[in-house]
$ cat run-v6.cif   # mmCIF, C-alpha atoms
data_my_file
#
loop_
_atom_site.label_atom_id
_atom_site.label_comp_id
_atom_site.auth_asym_id
_atom_site.auth_seq_id
_atom_site.Cartn_x
_atom_site.Cartn_y
_atom_site.Cartn_z
CA MET A 94 19.30 -36.84 7.26
CA SER A 95 17.61 -34.23 5.11
CA SER A 96 16.85 -36.64 2.28
CA GLU A 97 14.65 -38.61 4.68
CA LEU A 98 12.26 -35.67 5.04
CA ARG A 99 8.70 -36.43 3.94
CA PHE A 100 7.08 -33.80 1.74
CA LEU A 101 3.46 -33.27 0.79
CA VAL A 102 2.92 -31.21 -2.37
CA VAL A 103 -0.60 -29.79 -2.63
CA ASP A 104 -1.75 -28.30 -5.94
CA ASP A 105 -4.83 -28.82 -8.09
CA PHE A 106 -2.71 -28.77 -11.27
CA SER A 107 -0.99 -32.12 -11.76
CA THR A 108 1.70 -30.49 -13.93
CA MET A 109 2.74 -28.16 -11.10
CA ARG A 110 2.79 -31.04 -8.59
CA ARG A 111 5.05 -32.92 -10.96
CA ILE A 112 7.36 -29.93 -11.45
CA VAL A 113 7.73 -29.37 -7.70
CA LYS A 114 8.25 -33.10 -7.14
CA ASN A 115 11.03 -33.11 -9.76
CA LEU A 116 12.68 -30.08 -8.17
CA LEU A 117 12.57 -31.70 -4.73
CA GLN A 118 14.14 -34.85 -6.14
CA GLU A 119 16.88 -32.71 -7.69
CA LEU A 120 17.51 -31.30 -4.21
CA GLY A 121 17.79 -34.82 -2.80
CA TYR A 122 14.30 -35.20 -1.36
CA ALA A 123 12.88 -38.39 -2.78
CA ASN A 124 10.04 -38.92 -0.31
CA VAL A 125 7.32 -36.78 -1.87
CA GLN A 126 3.57 -37.37 -1.90
CA GLU A 127 0.86 -35.38 -3.64
CA ALA A 128 -2.62 -34.04 -2.91
CA ASP A 129 -4.89 -32.04 -5.20
CA ASP A 130 -6.45 -29.74 -2.59
CA GLY A 131 -6.74 -29.06 1.13
CA ASN A 132 -9.54 -31.55 1.66
CA THR A 133 -7.35 -34.34 0.33
CA ALA A 134 -4.22 -33.05 2.03
CA LEU A 135 -5.51 -32.62 5.58
CA PRO A 136 -6.35 -36.29 6.30
CA MET A 137 -3.02 -37.29 4.74
CA LEU A 138 -1.21 -34.90 7.08
CA LYS A 139 -3.14 -36.14 10.10
CA ASN A 140 -2.47 -39.78 9.30
CA GLY A 141 1.10 -39.52 8.02
CA ASN A 142 4.34 -38.28 9.46
CA PHE A 143 5.03 -35.47 7.04
CA ASP A 144 7.88 -33.06 7.68
CA PHE A 145 7.07 -30.35 5.17
CA VAL A 146 4.09 -29.04 3.19
CA ILE A 147 4.32 -27.13 -0.08
CA THR A 148 0.89 -25.84 -1.06
CA ASP A 149 -0.82 -23.78 -3.72
CA TRP A 150 -3.42 -21.21 -2.60
CA ASN A 151 -6.11 -21.22 -5.30
CA MET A 152 -7.65 -24.69 -5.29
CA PRO A 153 -11.22 -26.04 -5.49
CA GLN A 154 -12.90 -27.17 -2.27
CA MET A 155 -10.36 -26.27 0.43
CA PRO A 156 -7.88 -23.59 -0.71
CA GLY A 157 -4.30 -23.39 0.57
CA LEU A 158 -4.99 -20.65 3.10
CA GLU A 159 -7.69 -22.76 4.75
CA LEU A 160 -5.33 -25.72 4.80
CA LEU A 161 -2.68 -23.54 6.45
CA LYS A 162 -5.16 -22.38 9.11
CA ALA A 163 -6.30 -25.97 9.71
CA VAL A 164 -2.68 -27.09 10.13
CA ARG A 165 -1.92 -24.28 12.58
CA ALA A 166 -5.09 -25.08 14.53
CA ASP A 167 -4.20 -28.77 14.88
CA GLU A 168 -2.25 -29.65 18.02
CA LYS A 169 -0.26 -32.37 16.27
CA LEU A 170 0.45 -30.43 13.07
CA LYS A 171 0.78 -26.83 14.22
CA HIS A 172 4.60 -26.73 13.97
CA LEU A 173 4.71 -28.23 10.49
CA PRO A 174 6.52 -25.96 7.98
CA VAL A 175 4.13 -24.76 5.26
CA LEU A 176 5.57 -23.13 2.16
CA MET A 177 2.99 -21.42 -0.02
CA VAL A 178 3.84 -21.62 -3.74
CA THR A 179 1.15 -19.69 -5.56
CA ALA A 180 0.22 -17.26 -8.31
CA GLU A 181 -1.71 -15.23 -5.73
CA ALA A 182 0.37 -12.08 -5.58
CA LYS A 183 -1.76 -9.40 -3.94
CA ARG A 184 -0.13 -7.70 -0.98
CA GLU A 185 -3.10 -8.28 1.29
CA GLN A 186 -2.98 -11.99 0.49
CA ILE A 187 0.70 -12.27 1.38
CA VAL A 188 0.01 -10.41 4.63
CA GLU A 189 -2.98 -12.67 5.31
CA ALA A 190 -0.86 -15.79 4.74
CA ALA A 191 1.89 -14.44 7.00
CA GLN A 192 -0.64 -13.69 9.73
CA ALA A 193 -2.05 -17.20 9.37
CA GLY A 194 1.43 -18.58 10.07
CA VAL A 195 2.89 -19.41 6.67
CA SER A 196 6.56 -20.40 6.81
CA GLY A 197 7.47 -19.01 3.39
CA TYR A 198 5.82 -17.56 0.30
CA VAL A 199 6.91 -18.10 -3.32
CA ILE A 200 5.02 -16.58 -6.23
CA LYS A 201 4.58 -18.39 -9.53
CA PRO A 202 6.26 -18.49 -11.93
CA PHE A 203 9.31 -19.28 -9.82
CA THR A 204 12.80 -20.59 -10.44
CA ALA A 205 14.36 -23.75 -9.06
CA GLN A 206 16.81 -21.54 -7.20
CA THR A 207 14.04 -19.57 -5.48
CA LEU A 208 12.32 -22.74 -4.30
CA SER A 209 15.60 -24.15 -3.07
CA GLU A 210 16.48 -20.94 -1.18
CA LYS A 211 13.12 -20.68 0.58
CA LEU A 212 13.16 -24.37 1.44
CA ASN A 213 16.65 -24.17 2.93
CA LYS A 214 15.80 -20.99 4.83
CA ILE A 215 12.83 -22.68 6.49
CA LEU A 216 14.79 -25.84 7.27
CA GLN A 217 17.69 -23.82 8.69
CA ALA A 218 15.31 -21.80 10.86
CA ARG A 219 13.84 -25.03 12.25
CA LYS A 220 17.29 -26.36 13.13
CA ALA A 221 18.22 -23.14 14.98
CA MET B 449 -67.33 22.09 -11.24
CA SER B 450 -67.84 22.10 -14.97
CA THR B 451 -67.01 19.14 -17.27
CA PRO B 452 -64.33 19.96 -19.90
CA ASP B 453 -65.56 19.69 -23.45
CA ALA B 454 -64.11 17.26 -26.03
CA THR B 455 -62.03 19.96 -27.73
CA ALA B 456 -60.26 20.83 -24.49
CA VAL B 457 -59.11 17.21 -23.68
CA GLU B 458 -58.10 16.34 -27.23
CA PRO B 459 -54.42 17.45 -26.77
CA LEU B 460 -54.20 15.28 -23.63
CA TRP B 461 -55.43 12.22 -25.57
CA GLU B 462 -52.88 12.97 -28.30
CA ASP B 463 -50.08 13.03 -25.71
CA LEU B 464 -51.25 9.74 -24.18
CA ARG B 465 -51.42 8.07 -27.62
CA ALA B 466 -47.86 9.26 -28.41
CA LEU B 467 -46.65 8.01 -25.05
CA ASN B 468 -48.28 4.64 -25.66
CA VAL B 469 -46.65 4.31 -29.10
CA SER B 470 -43.27 5.25 -27.64
CA LEU B 471 -43.65 2.73 -24.80
CA GLN B 472 -44.65 -0.01 -27.26
CA ARG B 473 -41.63 0.76 -29.44
CA THR B 474 -39.29 0.63 -26.44
CA LEU B 475 -40.70 -2.74 -25.34
CA ASP B 476 -40.29 -4.12 -28.88
CA GLU B 477 -36.70 -2.89 -29.00
CA PHE B 478 -36.01 -4.49 -25.62
CA ARG B 479 -37.43 -7.83 -26.82
CA ASN B 480 -35.35 -7.68 -30.00
CA SER B 481 -32.20 -6.85 -28.05
CA PHE B 482 -32.92 -9.64 -25.63
CA ARG B 483 -33.45 -12.16 -28.45
CA GLN B 484 -29.97 -11.28 -29.71
CA ALA B 485 -28.51 -11.63 -26.22
CA SER B 486 -30.29 -14.97 -25.82
CA SER B 487 -28.78 -16.13 -29.06
CA ALA B 488 -25.33 -15.23 -27.70
CA GLY B 489 -26.29 -17.02 -24.50
CA LYS B 490 -26.73 -20.28 -26.40
CA GLU B 491 -23.06 -20.08 -27.39
CA ILE B 492 -21.93 -19.83 -23.79
CA PRO B 493 -22.07 -23.52 -22.80
CA ASP B 494 -20.15 -24.18 -26.00
CA ALA B 495 -17.53 -21.62 -24.96
CA ARG B 496 -17.17 -23.39 -21.61
CA VAL B 497 -16.62 -26.73 -23.31
CA ARG B 498 -14.01 -25.20 -25.60
CA LEU B 499 -12.15 -23.63 -22.72
CA ASP B 500 -12.24 -26.91 -20.79
CA HIS B 501 -10.81 -28.55 -23.86
CA VAL B 502 -7.98 -26.00 -24.01
CA LEU B 503 -7.19 -26.84 -20.38
CA LYS B 504 -7.13 -30.55 -21.20
CA LEU B 505 -4.91 -30.08 -24.27
CA THR B 506 -2.36 -27.91 -22.48
CA GLU B 507 -2.29 -30.32 -19.56
CA GLU B 508 -1.64 -33.27 -21.87
CA ALA B 509 1.06 -31.33 -23.75
CA ALA B 510 2.76 -30.32 -20.51
CA HIS B 511 2.72 -33.90 -19.19
CA ARG B 512 4.08 -35.20 -22.49
CA THR B 513 6.92 -32.67 -22.25
CA LEU B 514 7.57 -33.63 -18.63
CA ASP B 515 7.64 -37.33 -19.62
CA LEU B 516 10.37 -36.59 -22.16
CA VAL B 517 12.30 -34.35 -19.77
CA GLU B 518 12.24 -37.04 -17.07
CA ARG B 519 13.45 -39.63 -19.57
CA SER B 520 16.13 -37.36 -21.05
CA CYS B 521 17.69 -36.07 -17.81
CA PRO B 522 19.28 -39.43 -16.84
CA LEU B 523 20.59 -39.81 -20.42
CA ALA B 524 22.28 -36.40 -20.31
CA ASP B 525 23.66 -37.21 -16.85
CA ARG B 526 25.01 -40.56 -18.00
CA VAL B 527 26.67 -39.12 -21.11
CA ALA B 528 28.45 -36.46 -19.04
CA VAL B 529 29.49 -38.88 -16.27
CA ASP B 530 30.74 -41.53 -18.70
CA ALA B 531 32.76 -38.91 -20.58
CA VAL B 532 34.40 -37.72 -17.37
CA ALA B 533 35.21 -41.31 -16.39
CA LEU B 534 37.03 -41.86 -19.69
CA ILE B 535 39.09 -38.65 -19.72
CA GLU B 536 41.74 -39.82 -17.21
CA PRO B 537 42.40 -43.25 -18.82
CA ILE B 538 42.68 -41.58 -22.24
CA ARG B 539 45.09 -39.03 -20.78
CA GLU B 540 47.24 -41.85 -19.35
CA ALA B 541 47.16 -43.70 -22.67
CA ARG B 542 48.21 -40.52 -24.48
CA ALA B 543 51.21 -40.25 -22.15
CA ALA B 544 52.08 -43.89 -22.77
CA TYR B 545 51.94 -43.38 -26.52
CA ARG B 546 53.85 -40.10 -26.52
CA GLY B 547 55.90 -39.66 -29.66
CA THR B 548 53.80 -42.06 -31.68
CA GLY B 549 51.07 -41.43 -34.24
CA VAL B 550 48.45 -42.58 -31.73
CA GLU B 551 49.21 -39.66 -29.36
CA ALA B 552 47.55 -37.07 -31.62
CA LEU B 553 44.47 -39.25 -32.05
CA LEU B 554 44.15 -39.79 -28.28
CA GLY B 555 44.55 -36.03 -27.83
CA ARG B 556 41.56 -35.47 -30.08
CA VAL B 557 39.56 -38.11 -28.18
CA GLU B 558 40.39 -36.37 -24.89
CA ASP B 559 39.23 -33.01 -26.28
CA TYR B 560 36.07 -34.65 -27.56
CA LEU B 561 35.29 -36.20 -24.18
CA THR B 562 35.77 -32.83 -22.49
CA THR B 563 33.29 -31.32 -24.96
CA VAL B 564 30.83 -34.18 -24.39
CA GLN B 565 31.03 -33.65 -20.64
CA ARG B 566 30.45 -29.87 -20.99
CA ASP B 567 27.63 -30.22 -23.53
CA GLY B 568 25.98 -33.02 -21.56
CA SER B 569 25.89 -30.77 -18.50
CA GLN B 570 24.46 -27.92 -20.59
CA VAL B 571 21.75 -30.19 -22.02
CA ARG B 572 20.91 -31.22 -18.44
CA ALA B 573 20.62 -27.56 -17.41
CA ASN B 574 18.45 -26.82 -20.45
CA LEU B 575 16.15 -29.72 -19.57
CA ALA B 576 15.74 -28.24 -16.08
CA GLU B 577 14.61 -24.99 -17.74
CA VAL B 578 12.17 -26.90 -19.97
CA LEU B 579 10.76 -28.50 -16.80
CA MET B 580 10.23 -25.13 -15.15
CA ALA B 581 8.72 -23.66 -18.33
CA GLN B 582 5.85 -26.16 -18.06
CA SER B 583 4.48 -24.11 -15.18
CA TYR B 584 2.78 -22.09 -17.94
CA GLN B 585 0.09 -24.78 -17.93
CA ASP B 586 -0.79 -24.06 -14.30
CA LEU B 587 -0.73 -20.28 -14.75
CA SER B 588 -2.66 -20.17 -18.02
CA GLY B 589 -5.02 -22.85 -16.68
CA GLN B 590 -5.88 -20.75 -13.63
CA ILE B 591 -6.64 -17.76 -15.85
CA ILE B 592 -8.83 -19.89 -18.12
CA ARG B 593 -10.72 -21.23 -15.09
CA THR B 594 -11.36 -17.64 -14.01
CA VAL B 595 -12.76 -16.86 -17.47
CA ILE B 596 -14.94 -20.00 -17.30
CA LYS B 597 -16.40 -18.76 -14.00
CA LEU B 598 -17.18 -15.39 -15.62
CA VAL B 599 -18.85 -17.15 -18.56
CA VAL B 600 -20.95 -19.22 -16.14
CA GLU B 601 -21.99 -16.06 -14.29
CA LEU B 602 -22.93 -14.37 -17.58
CA GLU B 603 -25.00 -17.40 -18.49
CA ARG B 604 -26.78 -17.22 -15.15
CA THR B 605 -27.51 -13.49 -15.61
CA LEU B 606 -28.93 -14.04 -19.09
CA SER B 607 -31.18 -16.75 -17.70
CA ARG B 608 -32.53 -14.35 -15.10
CA PHE B 609 -33.20 -11.74 -17.82
CA ALA B 610 -35.00 -14.40 -19.81
CA GLU B 611 -37.30 -15.15 -16.91
CA LEU B 612 -37.97 -11.46 -16.27
CA SER B 613 -38.82 -10.68 -19.90
CA GLY B 614 -40.92 -13.78 -20.45
CA GLU B 615 -38.44 -15.10 -23.02
CA GLY B 616 -37.69 -18.69 -22.19
CA GLU B 617 -34.82 -19.56 -24.48
CA ALA B 618 -31.87 -18.45 -22.40
CA GLY B 619 -33.68 -19.74 -19.35
CA LYS B 620 -33.27 -23.23 -20.74
CA ALA B 621 -29.50 -22.90 -20.45
CA SER B 622 -27.95 -25.42 -18.14
CA ALA B 623 -27.77 -24.63 -14.46
CA ALA B 624 -24.65 -22.68 -13.59
CA SER B 625 -22.29 -23.70 -10.87
CA ALA B 626 -21.46 -21.35 -8.05
CA PRO B 627 -18.93 -18.58 -8.73
CA ALA B 628 -15.64 -18.44 -6.86
CA SER B 629 -16.20 -17.75 -3.21
CA ASP B 630 -14.04 -15.46 -1.08
CA GLY B 631 -10.91 -17.07 0.19
CA HIS B 632 -10.20 -19.08 -2.92
CA GLY B 633 -7.94 -16.40 -4.32
CA PHE B 634 -7.90 -14.25 -7.43
CA GLY B 635 -5.70 -16.41 -9.67
CA PRO B 636 -2.54 -15.28 -11.44
CA ALA B 637 -2.06 -11.56 -11.96
CA VAL B 638 -3.09 -10.52 -15.49
CA PRO B 639 -1.32 -7.42 -16.86
CA GLY B 640 -3.77 -4.55 -17.25
CA VAL B 641 -6.46 -6.36 -15.24
CA THR B 642 -5.13 -7.17 -11.77
CA THR B 643 -4.46 -4.37 -9.30
CA GLY B 644 -2.62 -4.49 -6.00
CA ALA B 645 -0.37 -7.41 -6.95
CA VAL B 646 3.33 -7.53 -6.19
CA GLY B 647 5.61 -7.74 -9.20
CA VAL B 648 8.42 -10.14 -8.40
CA GLN B 649 9.61 -12.52 -5.69
CA GLU B 650 11.82 -9.75 -4.22
CA ASP B 651 8.67 -7.72 -3.48
CA VAL B 652 7.22 -10.69 -1.58
CA ASP B 653 10.46 -11.09 0.36
CA ASP B 654 10.55 -7.36 1.22
CA LEU B 655 6.93 -7.41 2.36
CA LEU B 656 7.48 -10.47 4.57
CA ALA B 657 10.74 -9.03 5.90
CA ARG B 658 8.87 -5.92 7.01
CA MET B 659 6.50 -8.24 8.86
CA GLY B 660 9.45 -9.79 10.68
CA MET B 661 9.69 -12.97 8.60
#

$ encode --input "run-v6.cif" --output "structure tokens"
Amino acid sequence: MSSELRFLVVDDFSTMRRIVKNLLQELGYANVQEADDGNTALPMLKNGNFDFVITDWNMPQMPGLELLKAVRADEKLKHLPVLMVTAEAKREQIVEAAQAGVSGYVIKPFTAQTLSEKLNKILQARKA
Amino acid sequence: MSTPDATAVEPLWEDLRALNVSLQRTLDEFRNSFRQASSAGKEIPDARVRLDHVLKLTEEAAHRTLDLVERSCPLADRVAVDAVALIEPIREARAAYRGTGVEALLGRVEDYLTTVQRDGSQVRANLAEVLMAQSYQDLSGQIIRTVIKLVVELERTLSRFAELSGEGEAGKASAASAPASDGHGFGPAVPGVTTGAVGVQEDVDDLLARMGM
């Protein structure tokens, strides 16, 4: 059941983590945990059975792109969906994220509908 | 080879004296300019503290707003749901009291409950917008952090100038932390500053679609 999916929301701004968490709960996903950057997120991902990662790009220590690369390089985690939700909007960055294996890319500020659409698209693609 | 007499070298000495005066004046002007820059440099740590404080204030305000949104959403939901639950019984009662004076009153109650249900749903939708609007704190915060990094770099540069010129004041400024390294991103696009950024989500989707995603 979709509501059983475990999400990890990674963002250095606690307000944005809270907003995304609220939106996920609105969509019926109550199992949401938080991390404030890639260094915090990676051990959580390795030790927990997460089904989905939503990450910012620009964070202190390990940024989102490095987290994405680390996830794709990990045998256990490499198929994990990673949705980048970020203010980074340069074309070369979006291309770089796509080449690193991002599952979806949403630029801030975003709407609840946009997040929902991208989330569903990724989940549908995984089912197919 | 004959030695030039004093009259012949006098113009050369004059030129050298003028050059020396000019050089001295330039050095003095540089020191004065640097003293002013050093004075500005003393304000820089203060500017950093102020910007950090702005970050803290906006974060607190955003969390306070989110607290109230999270508390208000269930109230709006409950008002709308309770109103809907009452509409049918009121409708049945109105039918039972048809032809009496109570029928008109129950009709007004039914209309009121319909309005409460509609307005409750609208309040709920508005609260969702208030929630999303708090993302300003993240976006403005990222821009402020970028400015803080620039301020730190300026402070570092002034310190180096201080060492080079022998002026120690700006050199006493606190040690600066490292600037943003490559790979950490550029932060939110700032109109008139950022180049090469996509405009809207549709541009991102188009770009990724062209890459087969």

$ resolve_selection --input "run-v6.cif" --expression "the PyMOL selection byres ((chain A) within 8 of (chain B))" --output "PyMOL selection string"
chain A and resi 106+108-109+112+150-153+155-156+158-159+180-184+187-188+191+198-205

$ atom_distance --input "run-v6.cif" --atom1 "CA of Asn115 (chain A)" --atom2 "CA of Leu170 (chain A)"
25.3 Å

$ atom_distance --input "run-v6.cif" --atom1 "CA of Asp463 (chain B)" --atom2 "CA of Asp476 (chain B)"
20.0 Å

$ atom_distance --input "run-v6.cif" --atom1 "CA of Ala495 (chain B)" --atom2 "CA of Arg512 (chain B)"
25.6 Å

$ resolve_selection --input "run-v6.cif" --expression "the PyMOL selection byres ((chain A and resi 125-129) around 9)" --output "list in words"
Leu98, Arg99, Phe100, Leu101, Val102, Val103, Asp104, Asp105, Phe106, Ser107, Arg110, Arg111, Lys114, Leu117, Gln118, Tyr122, Ala123, Asn124, Asp130, Gly131, Asn132, Thr133, Ala134, Met137, Met152 and Pro153 of chain A

$ resolve_selection --input "run-v6.cif" --expression "the PyMOL selection byres ((chain A and resi 215) around 10)" --output "compact mmCIF listing (two decimals) with C-alpha atoms, keeping the file's coordinate frame"
# COMPACT_ATOMS: atom_id res chain seq x y z
CA PHE A 145 7.07 -30.35 5.17
CA PRO A 174 6.52 -25.96 7.98
CA VAL A 175 4.13 -24.76 5.26
CA LEU A 176 5.57 -23.13 2.16
CA SER A 196 6.56 -20.40 6.81
CA GLY A 197 7.47 -19.01 3.39
CA GLU A 210 16.48 -20.94 -1.18
CA LYS A 211 13.12 -20.68 0.58
CA LEU A 212 13.16 -24.37 1.44
CA ASN A 213 16.65 -24.17 2.93
CA LYS A 214 15.80 -20.99 4.83
CA LEU A 216 14.79 -25.84 7.27
CA GLN A 217 17.69 -23.82 8.69
CA ALA A 218 15.31 -21.80 10.86
CA ARG A 219 13.84 -25.03 12.25
CA LYS A 220 17.29 -26.36 13.13

$ closest_residue --input "run-v6.cif" --among "A:Val178, A:Ala193, A:Asn142, A:Leu120" --to "Ala166 (chain A)" --atoms "all atoms listed in the file"
A:Ala193

$ residues_around --input "run-v6.cif" --residues "Arg556 (chain B)" --least-positions-apart "5" --cutoff "12 Å" --atoms "all atoms listed in the file" --output "PDB file with C-alpha atoms, in the coordinates of the input"
ATOM      1  CA  ILE B 535      39.090 -38.650 -19.720  1.00  0.00           C
ATOM      2  CA  ILE B 538      42.680 -41.580 -22.240  1.00  0.00           C
ATOM      3  CA  ARG B 539      45.090 -39.030 -20.780  1.00  0.00           C
ATOM      4  CA  ARG B 542      48.210 -40.520 -24.480  1.00  0.00           C
ATOM      5  CA  GLY B 549      51.070 -41.430 -34.240  1.00  0.00           C
ATOM      6  CA  VAL B 550      48.450 -42.580 -31.730  1.00  0.00           C
ATOM      7  CA  GLU B 551      49.210 -39.660 -29.360  1.00  0.00           C
ATOM      8  CA  LEU B 561      35.290 -36.200 -24.180  1.00  0.00           C
ATOM      9  CA  THR B 562      35.770 -32.830 -22.490  1.00  0.00           C
ATOM     10  CA  THR B 563      33.290 -31.320 -24.960  1.00  0.00           C
TER      11      THR B 563
END

$ closest_residue --input "run-v6.cif" --among "A:Leu161, A:Val195, A:Leu173, A:Ala221" --to "Phe143 (chain A)" --atoms "only C-alpha atoms"
A:Leu173

$ axis_aligned_box --input "run-v6.cif" --around "region 101-116 of chain A" --padding-each-side "3 Å" --output "lines of an AutoDock Vina configuration file"
center_x = 3.9
center_y = -30.7
center_z = -6.6
size_x = 23.5
size_y = 11.1
size_z = 20.7

$ closest_residue --input "run-v6.cif" --among "B:Leu516, B:Leu499, B:Leu505, B:Ala543" --to "Val599 (chain B)" --atoms "all atoms listed in the file"
B:Leu499
